[in-house]
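Structure file final-v7.cif (mmCIF, C-alpha atoms and all ligand atoms) is printed below.
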data_my_file
loop_
_atom_site.label_atom_id
_atom_site.label_comp_id
_atom_site.auth_asym_id
_atom_site.auth_seq_id
_atom_site.Cartn_x
_atom_site.Cartn_y
_atom_site.Cartn_z
CA LYS A 1187 1.75 -15.64 22.01
CA ARG A 1188 -1.01 -13.15 21.21
CA GLN A 1189 -2.69 -12.82 17.86
CA TRP A 1190 -5.45 -10.92 16.10
CA THR A 1191 -7.69 -13.70 14.81
CA LEU A 1192 -10.28 -13.48 12.05
CA ALA A 1193 -13.40 -14.67 13.87
CA LYS A 1194 -15.99 -13.66 11.20
CA ARG A 1195 -15.94 -12.20 7.70
CA PRO A 1196 -16.23 -8.43 8.32
CA HIS A 1197 -19.22 -6.39 7.23
CA GLY A 1198 -17.86 -2.92 6.48
CA VAL A 1199 -14.88 -1.64 8.49
CA PRO A 1200 -13.76 -4.60 10.66
CA SER A 1201 -14.85 -4.50 14.32
CA THR A 1202 -13.57 -6.29 17.42
CA ASP A 1203 -16.46 -8.78 17.05
CA GLU A 1204 -15.01 -9.86 13.77
CA VAL A 1205 -11.30 -9.62 14.51
CA THR A 1206 -10.45 -10.60 18.07
CA ILE A 1207 -7.35 -10.92 20.24
CA GLU A 1208 -6.54 -14.50 21.26
CA GLU A 1209 -3.82 -16.12 23.33
CA LYS A 1210 -2.22 -19.15 21.67
CA THR A 1211 0.68 -21.42 22.55
CA ILE A 1212 3.66 -21.42 20.23
CA GLY A 1213 3.72 -24.82 18.53
CA GLU A 1214 6.58 -27.07 17.40
CA LEU A 1215 8.76 -25.67 14.67
CA PRO A 1216 8.36 -27.96 11.60
CA PRO A 1217 11.31 -28.38 9.21
CA GLY A 1218 11.93 -25.34 6.99
CA HIS A 1219 10.27 -22.91 9.39
CA LEU A 1220 11.20 -19.91 11.51
CA LEU A 1221 9.98 -18.70 14.86
CA VAL A 1222 9.87 -14.94 14.38
CA GLU A 1223 9.40 -12.39 17.15
CA ASN A 1224 7.49 -9.65 15.33
CA HIS A 1225 8.62 -6.06 15.83
CA TYR A 1226 6.48 -4.19 13.28
CA PHE A 1227 3.27 -4.88 11.37
CA SER A 1228 2.56 -3.14 8.09
CA LEU A 1229 -1.10 -2.06 7.97
CA ASP A 1230 -2.17 -2.23 4.33
CA PRO A 1231 -5.59 -1.64 2.76
CA ALA A 1232 -5.19 -4.97 0.92
CA ILE A 1233 -5.57 -6.83 4.22
CA ARG A 1234 -9.24 -5.84 4.19
CA GLY A 1235 -9.63 -7.74 0.91
CA TRP A 1236 -7.90 -10.83 2.31
CA MET A 1237 -10.43 -10.82 5.20
CA SER A 1238 -13.30 -11.33 2.75
CA ASP A 1239 -13.96 -14.50 0.81
CA ALA A 1240 -14.35 -12.95 -2.66
CA PRO A 1241 -12.00 -14.57 -5.21
CA SER A 1242 -8.73 -12.67 -5.42
CA TYR A 1243 -4.99 -13.01 -6.03
CA LEU A 1244 -4.41 -14.67 -2.63
CA PRO A 1245 -6.70 -17.13 -0.85
CA PRO A 1246 -8.96 -15.61 1.81
CA ILE A 1247 -7.60 -15.65 5.37
CA PRO A 1248 -9.28 -18.75 6.88
CA LEU A 1249 -11.66 -18.09 9.78
CA GLY A 1250 -9.93 -18.76 13.09
CA GLU A 1251 -6.50 -17.89 11.66
CA PRO A 1252 -4.44 -14.78 12.43
CA VAL A 1253 -4.76 -11.80 10.10
CA ARG A 1254 -2.18 -12.03 7.28
CA SER A 1255 0.17 -9.07 7.03
CA THR A 1256 3.70 -8.16 6.09
CA VAL A 1257 5.83 -7.97 9.21
CA CYS A 1258 9.44 -7.64 10.25
CA GLY A 1259 11.23 -8.91 13.31
CA LYS A 1260 13.87 -11.19 14.75
CA VAL A 1261 14.39 -14.94 14.31
CA LEU A 1262 14.22 -16.71 17.69
CA ALA A 1263 14.67 -20.21 16.26
CA SER A 1264 15.12 -21.73 12.80
CA THR A 1265 14.80 -25.16 11.21
CA SER A 1266 15.76 -23.75 7.82
CA ASP A 1267 19.24 -23.58 6.28
CA GLY A 1268 20.16 -20.00 5.62
CA PHE A 1269 18.49 -18.53 8.71
CA ALA A 1270 19.86 -18.46 12.23
CA LYS A 1271 18.74 -17.24 15.63
CA GLY A 1272 19.19 -13.46 15.82
CA ASP A 1273 18.68 -12.76 12.10
CA LEU A 1274 16.52 -9.75 11.29
CA VAL A 1275 13.89 -10.68 8.70
CA TYR A 1276 10.85 -9.35 6.83
CA GLY A 1277 8.11 -11.14 4.95
CA MET A 1278 4.53 -12.36 4.93
CA GLY A 1279 3.45 -13.16 8.47
CA ALA A 1280 0.44 -12.15 10.51
CA TRP A 1281 -0.79 -9.79 13.22
CA GLU A 1282 0.71 -11.85 16.04
CA THR A 1283 3.48 -11.30 18.57
CA HIS A 1284 5.29 -14.44 17.38
CA GLY A 1285 4.93 -16.37 14.17
CA VAL A 1286 5.84 -19.92 13.21
CA VAL A 1287 6.25 -19.28 9.50
CA PRO A 1288 7.58 -21.05 6.40
CA ALA A 1289 11.10 -19.76 5.80
CA GLU A 1290 10.39 -19.16 2.10
CA PHE A 1291 7.95 -16.39 3.04
CA PHE A 1292 10.79 -14.44 4.67
CA THR A 1293 13.93 -12.58 3.56
CA LYS A 1294 16.95 -11.71 5.65
CA VAL A 1295 17.75 -8.03 6.07
CA PRO A 1296 21.18 -7.58 4.40
CA GLU A 1297 24.09 -7.52 6.87
CA ASP A 1298 25.32 -4.18 5.54
CA ASN A 1299 21.89 -2.55 5.95
CA THR A 1300 22.11 0.93 7.49
CA PHE A 1301 18.37 1.72 7.61
CA PRO A 1302 16.01 1.11 10.54
CA LEU A 1303 14.42 -2.37 10.45
CA HIS A 1304 10.90 -1.08 9.81
CA TYR A 1305 11.98 0.42 6.45
CA TYR A 1306 11.64 -3.17 5.21
CA VAL A 1307 7.87 -2.99 5.65
CA ASN A 1308 7.87 0.51 4.20
CA MET A 1309 10.20 2.12 1.64
CA LEU A 1310 12.40 -0.94 1.11
CA GLY A 1311 9.51 -3.43 1.14
CA ALA A 1312 6.35 -3.89 -0.87
CA VAL A 1313 5.06 -0.42 0.04
CA GLY A 1314 7.91 1.52 -1.55
CA LEU A 1315 8.39 -0.93 -4.39
CA THR A 1316 4.70 -0.87 -5.38
CA PRO A 1317 4.93 2.67 -6.74
CA TYR A 1318 8.48 2.03 -7.99
CA PHE A 1319 7.56 -0.81 -10.36
CA GLY A 1320 4.04 0.58 -10.79
CA VAL A 1321 5.14 3.91 -12.23
CA ILE A 1322 8.16 2.69 -14.17
CA GLU A 1323 7.07 -0.74 -15.44
CA ALA A 1324 3.27 -1.00 -15.30
CA GLY A 1325 2.78 2.71 -16.10
CA LYS A 1326 5.65 2.96 -18.63
CA ALA A 1327 6.12 6.55 -17.42
CA GLN A 1328 7.87 8.88 -19.87
CA ALA A 1329 9.35 12.32 -19.26
CA GLY A 1330 7.03 15.10 -20.35
CA GLN A 1331 3.83 13.15 -19.64
CA THR A 1332 1.20 14.15 -17.09
CA MET A 1333 0.49 11.65 -14.32
CA LEU A 1334 -2.57 11.84 -12.06
CA MET A 1335 -2.19 10.02 -8.71
CA SER A 1336 -5.12 9.21 -6.41
CA ALA A 1337 -4.59 8.77 -2.63
CA ALA A 1338 -1.59 11.00 -3.33
CA ALA A 1339 -0.68 11.71 0.30
CA GLY A 1340 -0.72 8.03 1.25
CA ALA A 1341 2.21 5.66 1.40
CA VAL A 1342 2.07 4.40 -2.19
CA GLY A 1343 0.81 7.66 -3.73
CA SER A 1344 3.30 9.99 -2.10
CA ILE A 1345 6.26 7.87 -3.19
CA GLY A 1346 4.89 7.21 -6.68
CA GLY A 1347 4.42 10.91 -7.31
CA GLN A 1348 8.00 11.68 -6.32
CA ILE A 1349 9.36 8.90 -8.53
CA ALA A 1350 7.41 10.26 -11.49
CA ARG A 1351 8.74 13.76 -10.77
CA LEU A 1352 12.29 12.38 -10.70
CA MET A 1353 11.56 10.88 -14.13
CA GLY A 1354 10.46 14.25 -15.51
CA LEU A 1355 6.68 13.92 -15.50
CA ARG A 1356 4.21 16.59 -14.49
CA VAL A 1357 2.46 15.13 -11.44
CA VAL A 1358 -0.96 16.01 -10.07
CA GLY A 1359 -2.26 14.41 -6.89
CA MET A 1360 -5.71 13.92 -5.39
CA ALA A 1361 -6.05 13.82 -1.60
CA GLY A 1362 -8.70 14.26 1.08
CA SER A 1363 -7.61 17.44 2.88
CA ASP A 1364 -5.94 20.81 2.20
CA GLU A 1365 -3.19 19.88 4.61
CA LYS A 1366 -2.42 16.66 2.70
CA CYS A 1367 -2.47 18.60 -0.59
CA ARG A 1368 -0.08 21.22 0.80
CA TRP A 1369 2.31 18.49 1.94
CA VAL A 1370 2.50 16.82 -1.47
CA THR A 1371 2.96 20.09 -3.38
CA ASP A 1372 5.11 22.10 -0.94
CA GLU A 1373 7.24 19.32 0.54
CA LEU A 1374 7.22 16.56 -2.07
CA GLY A 1375 7.24 18.72 -5.20
CA PHE A 1376 4.02 17.55 -6.88
CA ASP A 1377 2.99 20.15 -9.48
CA ASP A 1378 -0.56 20.38 -8.16
CA CYS A 1379 -2.99 18.58 -5.86
CA ILE A 1380 -6.78 18.47 -5.82
CA ASN A 1381 -8.71 18.16 -2.57
CA TYR A 1382 -11.32 15.77 -3.94
CA LYS A 1383 -13.65 16.44 -0.99
CA THR A 1384 -13.95 20.19 -1.58
CA CYS A 1385 -13.12 20.73 -5.27
CA GLY A 1386 -16.72 20.61 -6.53
CA ASP A 1387 -17.01 19.03 -9.97
CA MET A 1388 -14.10 16.57 -10.08
CA VAL A 1389 -14.02 16.31 -13.88
CA ASP A 1390 -13.52 20.10 -14.12
CA ALA A 1391 -11.00 20.18 -11.29
CA ILE A 1392 -8.83 17.54 -13.00
CA ALA A 1393 -9.15 19.33 -16.35
CA LYS A 1394 -7.96 22.57 -14.74
CA ALA A 1395 -5.01 20.92 -12.99
CA CYS A 1396 -4.07 18.87 -16.09
CA PRO A 1397 -4.53 21.33 -18.99
CA GLU A 1398 -2.79 18.95 -21.38
CA GLY A 1399 -4.83 15.93 -20.27
CA VAL A 1400 -3.72 12.84 -18.35
CA ASP A 1401 -1.32 10.35 -19.94
CA LEU A 1402 -0.90 8.11 -16.91
CA PHE A 1403 -3.49 7.63 -14.18
CA PHE A 1404 -2.14 5.74 -11.18
CA ASP A 1405 -5.31 4.74 -9.37
CA ASN A 1406 -5.44 3.66 -5.75
CA VAL A 1407 -9.06 4.62 -5.13
CA GLY A 1408 -11.56 3.75 -7.91
CA GLY A 1409 -15.18 4.97 -7.68
CA GLU A 1410 -15.93 8.63 -8.42
CA ILE A 1411 -12.27 9.55 -8.77
CA LEU A 1412 -11.77 6.90 -11.45
CA ASP A 1413 -14.89 8.12 -13.24
CA ALA A 1414 -13.67 11.72 -13.23
CA ALA A 1415 -10.20 10.70 -14.37
CA LEU A 1416 -11.68 8.71 -17.29
CA MET A 1417 -13.11 11.98 -18.67
CA ASN A 1418 -9.65 13.58 -18.71
CA LEU A 1419 -7.51 10.90 -20.34
CA ASN A 1420 -5.47 11.50 -23.47
CA SER A 1421 -5.50 9.03 -26.35
CA ASP A 1422 -3.39 5.95 -25.58
CA ALA A 1423 -3.32 6.80 -21.87
CA ILE A 1424 -2.41 4.07 -19.39
CA ILE A 1425 -4.32 3.42 -16.17
CA VAL A 1426 -2.31 1.57 -13.55
CA PHE A 1427 -5.06 -0.14 -11.55
CA CYS A 1428 -3.19 -0.45 -8.26
CA GLY A 1429 -6.11 -0.37 -5.83
CA ALA A 1430 -9.73 0.65 -5.27
CA ILE A 1431 -9.83 1.60 -1.61
CA SER A 1432 -13.14 3.46 -1.95
CA SER A 1433 -14.91 0.08 -2.26
CA TYR A 1434 -12.97 -2.17 0.15
CA ASN A 1435 -15.60 -1.87 2.89
CA ALA A 1436 -18.61 -1.81 0.58
CA THR A 1437 -21.50 -3.89 1.86
CA GLU A 1438 -23.40 -3.80 -1.48
CA PRO A 1439 -22.16 -4.43 -5.04
CA VAL A 1440 -20.41 -1.29 -6.32
CA PRO A 1441 -21.78 0.08 -9.61
CA GLY A 1442 -19.74 1.83 -12.31
CA PRO A 1443 -17.39 3.01 -13.63
CA TYR A 1444 -20.00 5.01 -15.51
CA ASN A 1445 -17.55 6.57 -17.97
CA TRP A 1446 -16.16 3.20 -19.07
CA TRP A 1447 -16.78 4.08 -22.75
CA GLN A 1448 -13.83 6.50 -22.59
CA VAL A 1449 -11.51 3.48 -22.43
CA LEU A 1450 -12.61 2.58 -25.93
CA ALA A 1451 -12.95 6.15 -27.20
CA ARG A 1452 -9.37 6.99 -26.24
CA SER A 1453 -7.71 3.59 -26.83
CA VAL A 1454 -6.78 3.40 -23.16
CA THR A 1455 -4.75 0.55 -21.67
CA ILE A 1456 -5.80 -0.59 -18.20
CA GLN A 1457 -3.02 -2.43 -16.45
CA GLY A 1458 -4.11 -4.51 -13.47
CA TYR A 1459 -1.05 -4.29 -11.27
CA LEU A 1460 0.23 -6.46 -8.41
CA ILE A 1461 3.53 -5.93 -6.65
CA LYS A 1462 3.79 -9.67 -6.05
CA ASP A 1463 4.57 -10.10 -9.76
CA TYR A 1464 7.80 -8.19 -9.15
CA PHE A 1465 9.14 -10.07 -6.10
CA ASP A 1466 12.14 -11.40 -7.97
CA ARG A 1467 13.11 -7.82 -8.89
CA PHE A 1468 13.03 -6.50 -5.31
CA PRO A 1469 16.85 -6.25 -4.98
CA GLU A 1470 16.97 -3.93 -8.00
CA GLY A 1471 14.19 -1.72 -6.61
CA GLN A 1472 15.69 -1.73 -3.12
CA ALA A 1473 19.05 -0.62 -4.50
CA GLN A 1474 17.48 2.32 -6.32
CA MET A 1475 15.27 3.30 -3.37
CA SER A 1476 18.26 3.16 -1.00
CA GLU A 1477 20.20 5.45 -3.30
CA TRP A 1478 17.35 7.96 -3.50
CA LEU A 1479 16.89 7.84 0.28
CA ASN A 1480 20.60 8.42 0.89
CA GLU A 1481 20.60 11.32 -1.55
CA GLY A 1482 17.50 12.83 0.08
CA LYS A 1483 15.58 12.63 -3.20
CA ILE A 1484 12.55 10.83 -1.74
CA GLN A 1485 10.73 11.90 1.39
CA PHE A 1486 8.02 10.08 3.25
CA LYS A 1487 5.90 10.19 6.38
CA GLU A 1488 5.49 7.30 8.78
CA HIS A 1489 2.44 6.92 10.94
CA MET A 1490 3.64 4.64 13.72
CA VAL A 1491 1.08 3.32 16.21
CA ASP A 1492 2.47 1.87 19.41
CA GLY A 1493 1.30 -1.43 20.82
CA PHE A 1494 -0.17 -4.71 19.60
CA ASP A 1495 -3.57 -3.93 21.20
CA ASN A 1496 -4.04 -0.84 19.02
CA THR A 1497 -3.70 -2.70 15.71
CA LEU A 1498 -7.36 -2.94 14.73
CA ASP A 1499 -8.21 0.66 15.67
CA ALA A 1500 -5.22 1.82 13.70
CA PHE A 1501 -6.28 -0.25 10.67
CA SER A 1502 -9.54 1.70 10.36
CA LEU A 1503 -7.57 4.94 9.85
CA LEU A 1504 -6.75 3.78 6.32
CA PHE A 1505 -10.41 3.98 5.38
CA SER A 1506 -11.22 7.31 7.07
CA GLY A 1507 -8.09 9.01 5.71
CA GLY A 1508 -6.87 9.39 9.30
CA ASN A 1509 -3.42 8.01 8.50
CA GLU A 1510 -0.62 10.45 7.75
CA GLY A 1511 1.74 8.46 5.56
CA LYS A 1512 2.71 4.83 5.90
CA LEU A 1513 0.71 3.19 8.70
CA MET A 1514 2.54 0.66 10.87
CA VAL A 1515 2.28 -0.86 14.34
CA LYS A 1516 5.33 -1.03 16.57
CA LEU A 1517 5.18 -4.01 18.90
CA GLU A 1518 6.39 -4.18 22.46
CA ALA A 1519 9.38 -6.37 21.41
CA ALA A 1520 10.80 -3.74 19.01
P1 LIG B 1601 -2.53 4.92 2.09
O1 LIG B 1601 -1.38 5.28 2.96
O2 LIG B 1601 -2.70 5.60 0.77
O3 LIG B 1601 -3.85 5.07 2.96
C1 LIG B 1601 -5.10 4.98 2.38
C2 LIG B 1601 -5.62 6.36 1.94
O4 LIG B 1601 -6.65 6.17 0.99
C3 LIG B 1601 -6.25 7.15 3.06
O5 LIG B 1601 -5.32 7.85 3.84
C4 LIG B 1601 -7.20 8.07 2.31
O6 LIG B 1601 -6.54 9.29 1.96
C5 LIG B 1601 -7.50 7.31 1.01
N1 LIG B 1601 -8.89 6.87 0.99
C6 LIG B 1601 -9.50 6.01 1.87
N2 LIG B 1601 -10.80 5.87 1.54
C7 LIG B 1601 -11.01 6.65 0.44
C8 LIG B 1601 -12.14 6.93 -0.37
N3 LIG B 1601 -13.35 6.38 -0.11
N4 LIG B 1601 -12.00 7.79 -1.40
C9 LIG B 1601 -10.80 8.36 -1.67
N5 LIG B 1601 -9.69 8.13 -0.94
C10 LIG B 1601 -9.79 7.29 0.10
O7 LIG B 1601 -2.50 3.34 1.82
P2 LIG B 1601 -1.45 2.56 0.95
O8 LIG B 1601 -0.49 3.50 0.34
O9 LIG B 1601 -0.95 1.43 1.74
O10 LIG B 1601 -2.36 1.94 -0.22
C11 LIG B 1601 -2.86 2.77 -1.26
C12 LIG B 1601 -3.50 1.90 -2.34
O11 LIG B 1601 -2.52 1.08 -2.93
C13 LIG B 1601 -4.61 0.97 -1.83
O12 LIG B 1601 -5.64 0.95 -2.79
C14 LIG B 1601 -3.91 -0.38 -1.79
O13 LIG B 1601 -4.81 -1.45 -1.89
C15 LIG B 1601 -3.00 -0.26 -2.99
N6 LIG B 1601 -1.87 -1.17 -3.00
C16 LIG B 1601 -1.77 -2.03 -4.06
C17 LIG B 1601 -0.73 -2.89 -4.19
C18 LIG B 1601 -0.66 -3.76 -5.39
O14 LIG B 1601 0.22 -4.61 -5.48
N7 LIG B 1601 -1.57 -3.58 -6.33
C19 LIG B 1601 0.32 -2.98 -3.14
C20 LIG B 1601 0.17 -2.00 -2.08
C21 LIG B 1601 -0.91 -1.15 -2.03
P3 LIG B 1601 -7.34 10.68 1.76
O15 LIG B 1601 -7.29 11.39 3.06
O16 LIG B 1601 -6.57 11.34 0.67
O17 LIG B 1601 -8.75 10.32 1.37
#

Output the file's structure as structure tokens, nothing else.
Ligand code: NDP
Amino acid sequence: KRQWTLAKRPHGVPSTDEVTIEEKTIGELPPGHLLVENHYFSLDPAIRGWMSDAPSYLPPIPLGEPVRSTVCGKVLASTSDGFAKGDLVYGMGAWETHGVVPAEFFTKVPEDNTFPLHYYVNMLGAVGLTPYFGVIEAGKAQAGQTMLMSAAAGAVGSIGGQIARLMGLRVVGMAGSDEKCRWVTDELGFDDCINYKTCGDMVDAIAKACPEGVDLFFDNVGGEILDAALMNLNSDAIIVFCGAISSYNATEPVPGPYNWWQVLARSVTIQGYLIKDYFDRFPEGQAQMSEWLNEGKIQFKEHMVDGFDNTLDAFSLLFSGGNEGKLMVKLEAA
């Protein structure tokens, strides 16, 4: 098999010195394991965090091991009850053509599934369910509120904004190009979108787009955007702290937020949010997402990169804004 191995802890955006392709033999299948032929990798910003050794919610990827990632594919062999050769599965694997993985990390795609397999690393997997539980549960979204969404044209942001719209919120996005902003307003129905690269003073731009202030800030970015949002929050606002992509490749400690005092001044609740806390509620979220997809109520873009060898180059698109929607790699076996 072939795998992308973490050779060194990356400094900045990971390079091919730090993450390298290696050939490995497929080992024995211990009891309770699956041999999975991977068909799709999900490329997620969080993977960059798992490559570093700072303390976090999952242990760092050990040096010499393949890069951890959600994947989906086909079972080639199983030593676990409940899985059989030929089953389609999704779960926590790695950037490798084949994985020998603990069966408890994987879920079988339901037999009556009518969606393409890769939806299980997108809309029907952690990516779609992050904004689902994030907006509804962590954000306690209520009709009539104003929600501000950073990285609004990305996988999580674009879905979260549409869910909030379906719930009756006014939704304002922030994205890195006019084209992305047009997509979220004209196609997805966001009420407004700020191009944070060209808007000038971000505090003023948010104030203009959110004349009644922000009740719910769903933050994927951190940094300057978080600071500008803090100046526009209403009393008792909630911040769903979902990610901080602006600092994932930082090579120095990141200062700020500078406007932290506003949290106190406006009695703000900051909710650190992890989709892994909602794993046992996935079936409920998947049922609702499937219904919305079938009814055409949620739209999304997929950025599919072909070929195992292109994985690392594709990964860097997340940090330059080069991805258009959910970034995935389609492997040769798919
Ligand atoms: P996206 O599809 O949103 O891709 C990342 C986007 O982030 C880029 O396209 C870019 O868009 C934007 N971006 C990158 N760098 C910066 C920067 N310096 N400043 C502002 N924007 C930037 O990725 P995902 O939807 O997969 O992930 C979005 C966020 O959600 C991440 O922070 C991720 O870690 C988080 N997440 C959290 C989970 C949880 O359980 N807490 C689970 C899944 C994701 P643009 O062109 O607009 O700049």

What are the nearest atom pairs, with distances in Å to one decimal, for all residues of chain A that come at most 6 Å from ligand LIG 1601 (chain B), using only C-alpha atoms and all ligand atoms, set out by chain and rising residue number as a Markdown table?
| residue | atom | partner | partner_atom | distance |
| --- | --- | --- | --- | --- |
| A:Asp1230 | CA | B:LIG1601 | O9 | 4.6 |
| A:Pro1231 | CA | B:LIG1601 | O13 | 4.7 |
| A:Ala1232 | CA | B:LIG1601 | O13 | 4.5 |
| A:Val1313 | CA | B:LIG1601 | C20 | 5.6 |
| A:Thr1316 | CA | B:LIG1601 | C19 | 5.4 |
| A:Ala1337 | CA | B:LIG1601 | O16 | 4.6 |
| A:Ala1339 | CA | B:LIG1601 | O16 | 5.9 |
| A:Gly1340 | CA | B:LIG1601 | O2 | 3.2 |
| A:Ala1341 | CA | B:LIG1601 | O8 | 3.6 |
| A:Val1342 | CA | B:LIG1601 | O8 | 3.7 |
| A:Gly1343 | CA | B:LIG1601 | O8 | 6.0 |
| A:Ala1361 | CA | B:LIG1601 | O16 | 3.4 |
| A:Gly1362 | CA | B:LIG1601 | O16 | 3.6 |
| A:Asn1406 | CA | B:LIG1601 | O12 | 4.0 |
| A:Val1407 | CA | B:LIG1601 | C9 | 5.4 |
| A:Cys1428 | CA | B:LIG1601 | N7 | 4.0 |
| A:Gly1429 | CA | B:LIG1601 | O12 | 3.3 |
| A:Ala1430 | CA | B:LIG1601 | O12 | 4.8 |
| A:Ile1431 | CA | B:LIG1601 | O12 | 4.4 |
| A:Ser1432 | CA | B:LIG1601 | N3 | 3.5 |
| A:Tyr1459 | CA | B:LIG1601 | N7 | 5.0 |
| A:Leu1460 | CA | B:LIG1601 | O14 | 3.5 |
| A:Ile1461 | CA | B:LIG1601 | O14 | 3.8 |
| A:Leu1504 | CA | B:LIG1601 | C1 | 4.4 |
| A:Phe1505 | CA | B:LIG1601 | C6 | 4.2 |
| A:Ser1506 | CA | B:LIG1601 | C6 | 5.6 |
| A:Gly1507 | CA | B:LIG1601 | O5 | 3.5 |
| A:Gly1508 | CA | B:LIG1601 | O5 | 5.9 |
| A:Asn1509 | CA | B:LIG1601 | O5 | 5.0 |
| A:Gly1511 | CA | B:LIG1601 | O1 | 5.2 |
| A:Lys1512 | CA | B:LIG1601 | O1 | 5.1 |

Checklist line | Option closest in space to Asp1372 (chain A), from A:Gln1485, A:Tyr1434, A:Val1199, A:Leu1220 [counting all atoms listed in the file] | finding: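 Checking each of A:Gln1485, A:Tyr1434, A:Val1199, A:Leu1220 against Asp1372 (chain A), counting all atoms listed in the file, the winner is A:Gln1485.
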
Check: Can you tell me how far CA of Gly1311 (chain A) sits from CA of Pro1288 (chain A), in Å to one decimal?
Finding: 18.5 Å

Next item on the list: For Pro1469 (chain A), list every protein, DNA or RNA residue within 12 Å, evaluated using all atoms listed in the file, and leave out those in the same chain fewer than 6 positions away; present the list as a ChimeraX atom specification.
Entry: /A:1293-1296,1306,1310-1312,1315,1475-1476

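Minimum atom-to-atom distance to Asn1299 (chain A), evaluated using only C-alpha atoms, belongs to A:Gln1472 out of A:Leu1503, A:Gln1328, A:Gln1472, A:Asn1381.
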
Checklist line | All residues 7 Å or closer to Met1388 (chain A), only C-alpha atoms, same chain fewer than 4 positions away omitted, as a PyMOL selection string | finding: chain A and resi 1382+1392+1414

Margin query: Which residue is closest to Ile1380 (chain A)? Choose from A:His1225, A:Arg1467, A:Arg1368, A:Arg1254 and count all atoms listed in the file.
Written below: A:Arg1368

Checklist line | For CA of Gly1250 (chain A) and CA of His1489 (chain A), the interatomic separation in Å (one decimal) | finding: 28.6 Å

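Minimum atom-to-atom distance to Thr1265 (chain A), evaluated using only C-alpha atoms, belongs to A:Leu1215 out of A:Glu1282, A:Val1307, A:Leu1215, A:Pro1302.
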
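You can rank A:Ala1338, A:Val1253, A:Ile1345, A:Ala1324 by their closest distance to Trp1478 (chain A) using all atoms listed in the file, and at the top of that list sits A:Ile1345.
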
Margin query: Need the shell around Leu1303 (chain A): protein/DNA/RNA residues with any atom at most 10 Å away, counting only C-alpha atoms. Skip same-chain ones fewer than 6 positions apart. Format as a PyMOL selection string?
Written below: chain A and resi 1225-1226+1258-1260+1274-1276+1295+1310+1520

C-alpha atoms of the current selection, written as a compact mmCIF listing (two decimals), keeping the file's coordinate frame:
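Saved to out.txt:
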# COMPACT_ATOMS: atom_id res chain seq x y z
CA HIS A 1225 8.62 -6.06 15.83
CA TYR A 1226 6.48 -4.19 13.28
CA CYS A 1258 9.44 -7.64 10.25
CA GLY A 1259 11.23 -8.91 13.31
CA LYS A 1260 13.87 -11.19 14.75
CA LEU A 1274 16.52 -9.75 11.29
CA VAL A 1275 13.89 -10.68 8.70
CA TYR A 1276 10.85 -9.35 6.83
CA VAL A 1295 17.75 -8.03 6.07
CA LEU A 1310 12.40 -0.94 1.11
CA ALA A 1520 10.80 -3.74 19.01

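Between Ala1240 (chain A) and the candidates A:Arg1188, A:Arg1195, A:Lys1210, A:Lys1394, the tightest atom-to-atom separation, counting only C-alpha atoms, involves A:Arg1195.
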
Check: What is the CA of His1219 (chain A)-CA of Val1287 (chain A) distance in Å, reported with one decimal?
Finding: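 CA of His1219 (chain A) sits 5.4 Å away from CA of Val1287 (chain A).
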
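Within a radius of 10 Å around (-1.7, -10.1, 18.9), the polymer residues are Lys1187, Arg1188, Gln1189, Trp1190, Thr1191, Thr1206, Ile1207, Glu1208, Glu1209, Lys1210, Asn1224, Pro1252, Val1253, Ala1280, Trp1281, Glu1282, Thr1283, His1284, Gly1493, Phe1494, Asp1495, Asn1496, Thr1497 and Leu1517 of chain A, counting only C-alpha atoms.
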
Check: Could you tell me, as a list in words, which residues have any atom at most 8 Å from (0.7, 19.6, -9.0), counting all atoms listed in the file?
Finding: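 Taken together, the residues in range are Arg1356, Val1357, Val1358, Gly1359, Thr1371, Gly1375, Phe1376, Asp1377, Asp1378, Cys1379 and Ala1395 of chain A.
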
Would you put the residues from that selection into a file with C-alpha atoms, as a short mmCIF file (atom, residue, chain, number, x, y, z; two decimals), keeping the file's coordinate frame?
data_model
loop_
_atom_site.label_atom_id
_atom_site.label_comp_id
_atom_site.auth_asym_id
_atom_site.auth_seq_id
_atom_site.Cartn_x
_atom_site.Cartn_y
_atom_site.Cartn_z
CA ARG A 1356 4.21 16.59 -14.49
CA VAL A 1357 2.46 15.13 -11.44
CA VAL A 1358 -0.96 16.01 -10.07
CA GLY A 1359 -2.26 14.41 -6.89
CA THR A 1371 2.96 20.09 -3.38
CA GLY A 1375 7.24 18.72 -5.20
CA PHE A 1376 4.02 17.55 -6.88
CA ASP A 1377 2.99 20.15 -9.48
CA ASP A 1378 -0.56 20.38 -8.16
CA CYS A 1379 -2.99 18.58 -5.86
CA ALA A 1395 -5.01 20.92 -12.99
#

Margin query: Using only C-alpha atoms, which protein or nucleic acid residues come within 8 Å of Asp1401 (chain A)? Drop anything in the same chain fewer than 3 positions from it, and give the result as a count of residues only.
Written below: 9

List as a PDB file with C-alpha atoms, in the coordinates of the input the protein and nucleic acid residues near Asp1203 (chain A), meaning an atom at most 10 Å away when all atoms listed in the file are counted, but skip any in the same chain fewer than 6 places from it.
ATOM      1  CA  LEU A1192     -10.280 -13.480  12.050  1.00  0.00           C
ATOM      2  CA  ALA A1193     -13.400 -14.670  13.870  1.00  0.00           C
ATOM      3  CA  LYS A1194     -15.990 -13.660  11.200  1.00  0.00           C
ATOM      4  CA  ARG A1195     -15.940 -12.200   7.700  1.00  0.00           C
ATOM      5  CA  PRO A1196     -16.230  -8.430   8.320  1.00  0.00           C
TER       6      PRO A1196
END

Can you sort out the box for region 1390-1398 of chain A, edges along x, y and z, all listed atoms in, 8 Å on every side, with centre and edge lengths in Å to one decimal, as AutoDock Vina command-line options?
--center_x -8.2 --center_y 20.1 --center_z -16.3 --size_x 26.7 --size_y 21.0 --size_z 26.1
